[in-house]
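Chemist: Questions regarding the structure given below will be posed in turn.
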Number of protein chains: 2
Amino acid sequence: MRKPSRDDIVKITLEESEIPRQWYNIVADMPNKPEPYRNPATGELLEPEDMKAIFPDALIAQEVSTERFIEIPDEVREIYKQWRPSPLYRARNLEKLLGTPARIYYKYEGNNATGSHKLNSALAQAYYNKKAGIKRLSTETGAGQWGSALSMACNHFGLECTVYMVKVSYQQKPYRRSFMETFGAKVHASPTNLTQSGRRILEEDPGSTGSLGIAISEAVEDAATHDDTNYSLGSVLNHVCLHQTVIGQEAKAQLEKVDEYPDVVIACCGGGSNFAGIAFPFLHDKLTKGTKVRAVAVEPAACPTLTKGVFAYDFGDTAKMAPIVKMYTLGHDFVPEGIHAGGLRYHGASAIVSQLYDDGIIEAVAYGQKSVFDAAVMFARAEGIIPAPESSHAIRAAIDEAVRAKEAGEEKVILFNLSGHGYFDMAAYDYYFSGNMKDIEYSAEEVEKSMARLPKVK
Amino acid sequence: MRKPSRDDIVKITLEESEIPRQWYNIVADMPNKPEPYRNPATGELLEPEDMKAIFPDALIAQEVSTERFIEIPDEVREIYKQWRPSPLYRARNLEKLLGTPARIYYKYEGNNATGSHKLNSALAQAYYNKKAGIKRLSTETGAGQWGSALSMACNHFGLECTVYMVKVSYQQKPYRRSFMETFGAKVHASPTNLTQSGRRILEEDPGSTGSLGIAISEAVEDAATHDDTNYSLGSVLNHVCLHQTVIGQEAKAQLEKVDEYPDVVIACCGGGSNFAGIAFPFLHDKLTKGTKVRAVAVEPAACPTLTKGVFAYDFGDTAKMAPIVKMYTLGHDFVPEGIHAGGLRYHGASAIVSQLYDDGIIEAVAYGQKSVFDAAVMFARAEGIIPAPESSHAIRAAIDEAVRAKEAGEEKVILFNLSGHGYFDMAAYDYYFSGNMKDIEYSAEEVEKSMARLPKVK
């Protein structure tokens with residue numbers, strides 16, 4: 001077969017046999033390793049043992065592993081085939097529209113039923129829990145993408161799934177709830193009467209519409225108090241970042257087919273697993289071979305963890321039940337404005353991503369949501385895919401890179417991760433078209449207050 | 001590269017270079033050609049000239065063509081690359097669940113932004129209209145899939161797009177409207193004050209929530225009264241069926257890669273273009289080489305056009321503005337119950353599909369919607385894709401074929417078309433899970449009344 005040229009191809013596909021066989025663990029190559037987690041109650045170093053109440057051994061091992069490559073189980077690779085390898089697109093229409101000499105590529109992770117990259121880790125987590133004899137997984141969900149992914153993964157591996165969905169989302173996004181129920185999950189509007197943490201909140205405020213912090217506490221408590229149940233998290237943790245590296249490995253193989261290598265790799269960054277997924281396999285080249293490649297994490301101006309936060313030990317959740325992590329943080333009780341990219345409203349960032357940022361190995365940039373939606377609509381009209389608000393942060397940054405390349409007359413190669421579609425986010429697009437959407441900045445004052453409450457760690 | 005085995009592959013993909021270069025026109029091979037259209041006002045034969053007010057010459061030529069193959073323009077093939085060739089899946093998990101010796105394959109047309117096969121024809125129609133110097137296309141939409149596809153197609157080729165959306169859908173499905181607006185379309189809740197037909201309805205009934213029949217009248221009137229504007233239809237017509245044949249041609253090539261040929265090809269059937277798309281390329285073999293292959297059109301029990309209608313001349317729309325067509329019909333003023341598969345609520349069927357059915361070349365079967373949703377949920381849980389209610393009719397029939405194969409101990413090969421996803425139909429799934437969904441039958445009495453009003457044709 002004739003080798004496809006990068007100039008007449010729209011999407012670069014791979015065979016199922018080319019799905020990666022290993023996940024890439026960047027910790028092996030990091031000059032400074034991420035600091036170990038600490039116990040939220042005592043501030044002491046967290047032992048792997050401490051995590052056994054809520055995670056299976058295999059995932060705990062991955063969480064602390066320094067092995068460079070970790071085998072993907074056949075059972076997981078098999079179900080990856082449902083939508084992987086995901087396509088890599090050349091954004092030819094967008095390039096034309098911008099009149100840029102840059103070549104823009106995007107990896108599309110929205111081509112599965114749950115509509116985002118989250119499924120890559122959900123399936124792996126469900127698999128290891130099933131193998132460990134666990135009967136049920138509990139988790140929280142805000143916007144609903146993670147809950148959808150875990151519901152589908154649990155259904156596939158024959159696990160029950162309990163999702164604590166932030167009450168306001170439960171009411172506003174009934175279709176995400178129906179989606180999870182279609183895959184057999186039990187979905188509760190959090191706070192519930194089913195957990196101590198939930199009951200405590202409802203006693204204080206019977207009309208509480210919930211928060212991600214509360215939902216996490218409920219899900220963790222559910223897992224910790226039931227022997228047959230474990231907890232599952234959709235980002236931030238090392239093993240979640242690890243599972244997402246199938247994205248970048250595939251993208252590398254796809255670019256290779258058209259003799260390309262990116263000058264810059266771009267992804268949105270909330271907890272960090274999506275950014276990790278596409279960027280880490282390229283950073284492997286940078287860290288081990290000195291390859292010149294920039295990696296840019298894009299965050300919302302309303303929650304600018306990397307660009308405006310501090311690198312410090314902080315609690316992973318509002319209720320102080322999750323481990324203390326050395327990370328970039330805006331403070332565990334900082335509550336960002338209700339922007340439409342709900343998946344990017346986490347106060348902290350993955351320990352690995354934070355360490356890489358602090359070491360100057362990766363870059364970060366923040367954008368206001370109006371400017372992000374400008375980019376989303378431009379992209380949708382040019383490329384025919386309606387992007388999720390989260391993913392649109394990466395689009396904004398990619399467009400700006402392409403415009404700079406035009407100004408400089410540079411033939412730059414830009415790669416970004418289109419982590420999900422926006423089918424369930426049309427209300428946000430509606431609001432954008434109403435003309436009322438504004439760029440929302442974070443409150444420096446609120447962050448400062450929150451910083452004063454960081455935990456003291458020896 | 002090692003040839004993939006049908007037993008370890010999940011999805012069979014093709015290269016972009018394997019996108020078909022021609023559409024297949026089954027009229028060339030039909031033993032009895034479809035009867036020509038007639039003028040709705042006079043009942044006389046419709047001349048190609050009569051269609052010039054609303055269609056460009058190229059599409060009129062395709063509508064009456066007897067050429068076996070018609071070249072796909074490069075500009076259309078180029079944009080097909082955005083999502084074509086679409087994947088063909090082996091439904092291994094569904095087979096396992098059913099314990100059937102049958103091998104079930106499905107072609108998935110939901111892998112584009114508009115979420116259905118409609119885009120195949122929308123792009124072709126927009127292209128020919130643009131080339132003819134037309135500035136704007138008008139159309140109607142009910143559930144919103146066709147309106148979404150045409151909006152995107154017009155945006156791509158630089159045409160304006162006006163969509164008359166049935167008012168009740170406009171109110172109930174705001175996200176479909178936002179979708180069209182994202183691609184720059186102007187969407188009106190029909191009946192409007194912008195057309196004579198609309199004003200007439202509103203005078204009689206100011207609170208009218210509209211109907212597909214009214215919306216068609218408005219869109220046709222808009223096109224007929226503006227020189228720079230043409231009308232566009234999403235199914236029924238010969239040229240629409242023609243454009244959809246890329247589906248079946250790809251499916252044939254994909255099955256060939258794993259040395260398979262279907263015993264039975266199944267698709268849901270409203271106007272008929274989706275069924276035509278997957279079935280006609282296989283019927284080519286049946287009609288020209290005597291290949292044994294069954295083709296089954298699946299319709300809702302609430303609107304059983306083929307299985308319970310009559311083969312007669314009837315108006316294409318309620319307002320009697322569209323041509324008179326010799327087709328299977330339940331009567332142009334028969335209004336089926338409001339089932340969730342809105343795309344299958346048309347009173348008639350494509351002239352070609354009708355003729356093939358009357359000649360015993362294809363089969364048809366009807367199912368109640370509860371039984372269809374039973375199949376949809378079973379499929380979603382097994383295969384990880386939430387199907388559109390329309391497409392789920394095909395799933396129901398495919399499952400029943402597979403169960404019969406099990407009972408007979410036959411190694412049957414079943415192919416069906418999964419024409420779209422159900423992301424915008426979660427309310428229907430919700431209703432299903434509420435336990436209140438019922439199998440709705442058509443009203444034989446209403447059909448009989450409607451039949452009495454068929455046009456008299458010399």
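Letters A, B, ... go to the chains of the structure tokens in the order shown; residues in each chain start at 1; ligands are counted from 1 in the same order.
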Counting only C-alpha atoms, which residues of chain A fall within 8 Å of chain B, and what is the closest atom pair for each with its distance in Å at one decimal, ordered by chain and rising number, as a Markdown table?

Modeler:
| residue | atom | partner | partner_atom | distance |
| --- | --- | --- | --- | --- |
| A:Ile9 | CA | B:Glu16 | CA | 7.4 |
| A:Val10 | CA | B:Lys81 | CA | 6.1 |
| A:Lys11 | CA | B:Gln82 | CA | 7.0 |
| A:Thr13 | CA | B:Glu15 | CA | 7.9 |
| A:Glu15 | CA | B:Thr13 | CA | 7.8 |
| A:Glu16 | CA | B:Ile9 | CA | 7.4 |
| A:Lys81 | CA | B:Val10 | CA | 6.1 |
| A:Gln82 | CA | B:Val10 | CA | 6.4 |
| A:Asn111 | CA | B:Asn111 | CA | 6.9 |
| A:Asn112 | CA | B:Ile385 | CA | 7.4 |
| A:Ala113 | CA | B:Ile385 | CA | 5.0 |
| A:Met152 | CA | B:Gly384 | CA | 7.0 |
| A:Asn155 | CA | B:Arg381 | CA | 6.8 |
| A:His156 | CA | B:Arg381 | CA | 7.3 |
| A:Tyr175 | CA | B:Met426 | CA | 5.3 |
| A:Ser178 | CA | B:Asp430 | CA | 5.7 |
| A:Phe179 | CA | B:Met426 | CA | 6.8 |
| A:Thr182 | CA | B:Val377 | CA | 6.6 |
| A:Phe183 | CA | B:Arg381 | CA | 5.7 |
| A:Val377 | CA | B:Thr182 | CA | 6.5 |
| A:Ala380 | CA | B:Phe183 | CA | 7.4 |
| A:Arg381 | CA | B:Phe183 | CA | 5.6 |
| A:Ala382 | CA | B:His156 | CA | 7.3 |
| A:Glu383 | CA | B:Gln82 | CA | 7.9 |
| A:Gly384 | CA | B:Ala113 | CA | 6.1 |
| A:Ile385 | CA | B:Ala113 | CA | 5.0 |
| A:Ile386 | CA | B:Ala113 | CA | 6.5 |
| A:Tyr423 | CA | B:Tyr423 | CA | 7.0 |
| A:Phe424 | CA | B:Tyr423 | CA | 7.7 |
| A:Met426 | CA | B:Tyr175 | CA | 5.3 |
| A:Ala427 | CA | B:Tyr175 | CA | 6.7 |
| A:Tyr429 | CA | B:Ser178 | CA | 6.8 |
| A:Asp430 | CA | B:Ser178 | CA | 5.7 |

Chemist: List every residue of segment 98-316 of chain B that DSSP, applied to the backbone, labels as strand (DSSP E or B), and write the result as a PyMOL selection string.

Modeler: chain B and resi 103-108+116+136-141+160-166+186-190+229-231+264-268+294-300+310-315

Chemist: Generate a file of the selected residues that holds C-alpha atoms, formatted as a PDB file, in the first residue's frame.

Modeler:
ATOM      1  CA  ARG B 103     -21.806 -13.882  13.553  1.00  0.00           C
ATOM      2  CA  ILE B 104     -23.247 -10.398  13.928  1.00  0.00           C
ATOM      3  CA  TYR B 105     -21.632  -7.380  12.256  1.00  0.00           C
ATOM      4  CA  TYR B 106     -22.773  -3.783  12.398  1.00  0.00           C
ATOM      5  CA  LYS B 107     -21.787  -0.750  10.394  1.00  0.00           C
ATOM      6  CA  TYR B 108     -21.608   2.333  12.632  1.00  0.00           C
ATOM      7  CA  SER B 116     -26.066   9.785  12.027  1.00  0.00           C
ATOM      8  CA  ARG B 136     -29.109  29.327   0.753  1.00  0.00           C
ATOM      9  CA  LEU B 137     -30.819  26.006   1.495  1.00  0.00           C
ATOM     10  CA  SER B 138     -34.098  25.631   3.343  1.00  0.00           C
ATOM     11  CA  THR B 139     -35.231  22.443   5.011  1.00  0.00           C
ATOM     12  CA  GLU B 140     -37.436  21.070   7.746  1.00  0.00           C
ATOM     13  CA  THR B 141     -36.419  18.996  10.727  1.00  0.00           C
ATOM     14  CA  GLU B 160     -26.651  29.813   4.383  1.00  0.00           C
ATOM     15  CA  CYS B 161     -29.063  27.365   5.960  1.00  0.00           C
ATOM     16  CA  THR B 162     -32.627  27.935   7.159  1.00  0.00           C
ATOM     17  CA  VAL B 163     -34.216  25.186   9.192  1.00  0.00           C
ATOM     18  CA  TYR B 164     -37.921  24.998   9.967  1.00  0.00           C
ATOM     19  CA  MET B 165     -38.009  22.944  13.132  1.00  0.00           C
ATOM     20  CA  VAL B 166     -41.314  21.528  14.338  1.00  0.00           C
ATOM     21  CA  LYS B 186     -30.919  29.996  11.259  1.00  0.00           C
ATOM     22  CA  VAL B 187     -33.494  27.868  13.062  1.00  0.00           C
ATOM     23  CA  HIS B 188     -37.196  28.812  13.209  1.00  0.00           C
ATOM     24  CA  ALA B 189     -39.907  27.227  15.318  1.00  0.00           C
ATOM     25  CA  SER B 190     -42.503  26.131  12.758  1.00  0.00           C
ATOM     26  CA  THR B 229     -32.663  29.482  -2.318  1.00  0.00           C
ATOM     27  CA  ASN B 230     -33.232  25.761  -2.873  1.00  0.00           C
ATOM     28  CA  TYR B 231     -34.942  23.096  -0.809  1.00  0.00           C
ATOM     29  CA  VAL B 264     -29.131 -11.106   5.882  1.00  0.00           C
ATOM     30  CA  VAL B 265     -28.765  -7.286   5.841  1.00  0.00           C
ATOM     31  CA  ILE B 266     -30.955  -5.337   8.251  1.00  0.00           C
ATOM     32  CA  ALA B 267     -31.732  -1.627   8.653  1.00  0.00           C
ATOM     33  CA  CYS B 268     -34.454   0.544  10.083  1.00  0.00           C
ATOM     34  CA  ARG B 294     -31.955 -11.263   2.355  1.00  0.00           C
ATOM     35  CA  ALA B 295     -32.572  -7.569   3.022  1.00  0.00           C
ATOM     36  CA  VAL B 296     -34.924  -6.679   5.865  1.00  0.00           C
ATOM     37  CA  ALA B 297     -36.436  -3.218   6.420  1.00  0.00           C
ATOM     38  CA  VAL B 298     -37.503  -2.669  10.029  1.00  0.00           C
ATOM     39  CA  GLU B 299     -40.251  -0.229  10.892  1.00  0.00           C
ATOM     40  CA  PRO B 300     -42.152   0.773  14.024  1.00  0.00           C
ATOM     41  CA  VAL B 310     -50.920  -0.018   0.451  1.00  0.00           C
ATOM     42  CA  PHE B 311     -48.831   0.424  -2.706  1.00  0.00           C
ATOM     43  CA  ALA B 312     -50.482   3.441  -4.308  1.00  0.00           C
ATOM     44  CA  TYR B 313     -49.928   6.978  -5.535  1.00  0.00           C
ATOM     45  CA  ASP B 314     -49.978   9.418  -2.616  1.00  0.00           C
ATOM     46  CA  PHE B 315     -48.838  12.908  -1.707  1.00  0.00           C
TER      47      PHE B 315
END

Chemist: Going by DSSP on the backbone, which bits of segment 225-388 of chain B are helix (DSSP H, G or I)? Write them as a PyMOL selection string, please.

Modeler: chain B and resi 238-243+246-257+273-289+305-308+342-344+351-358+369-383

Chemist: When distances are computed from only C-alpha atoms, which of B:Leu159, B:Ala279, B:Met451, B:Ala126 shows the smallest separation from Gln244 of chain B?

Modeler: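 Residue with the minimum atom-to-atom distance to Gln244 of chain B: B:Ala279.
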
Chemist: What is the distance between atom CA of Ile339 of chain B and atom CA of Leu233 of chain B, in Å to one decimal?

Modeler: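 Taking atom CA of Ile339 of chain B and atom CA of Leu233 of chain B, their separation equals 21.7 Å.
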
Chemist: Would you mind listing what lies within 9 Å of Gly133 of chain A as a ChimeraX atom specification, with only C-alpha atoms counted and same-chain residues fewer than 4 positions away left out?

Modeler: /A:128-129,228

Chemist: Give me the residues within 7 Å of segment 34-43 of chain A as an MDAnalysis selection string, counting only C-alpha atoms and dropping any in the same chain fewer than 6 places off.

Modeler: chainID A and resid 315 320:326 351:352 355 457
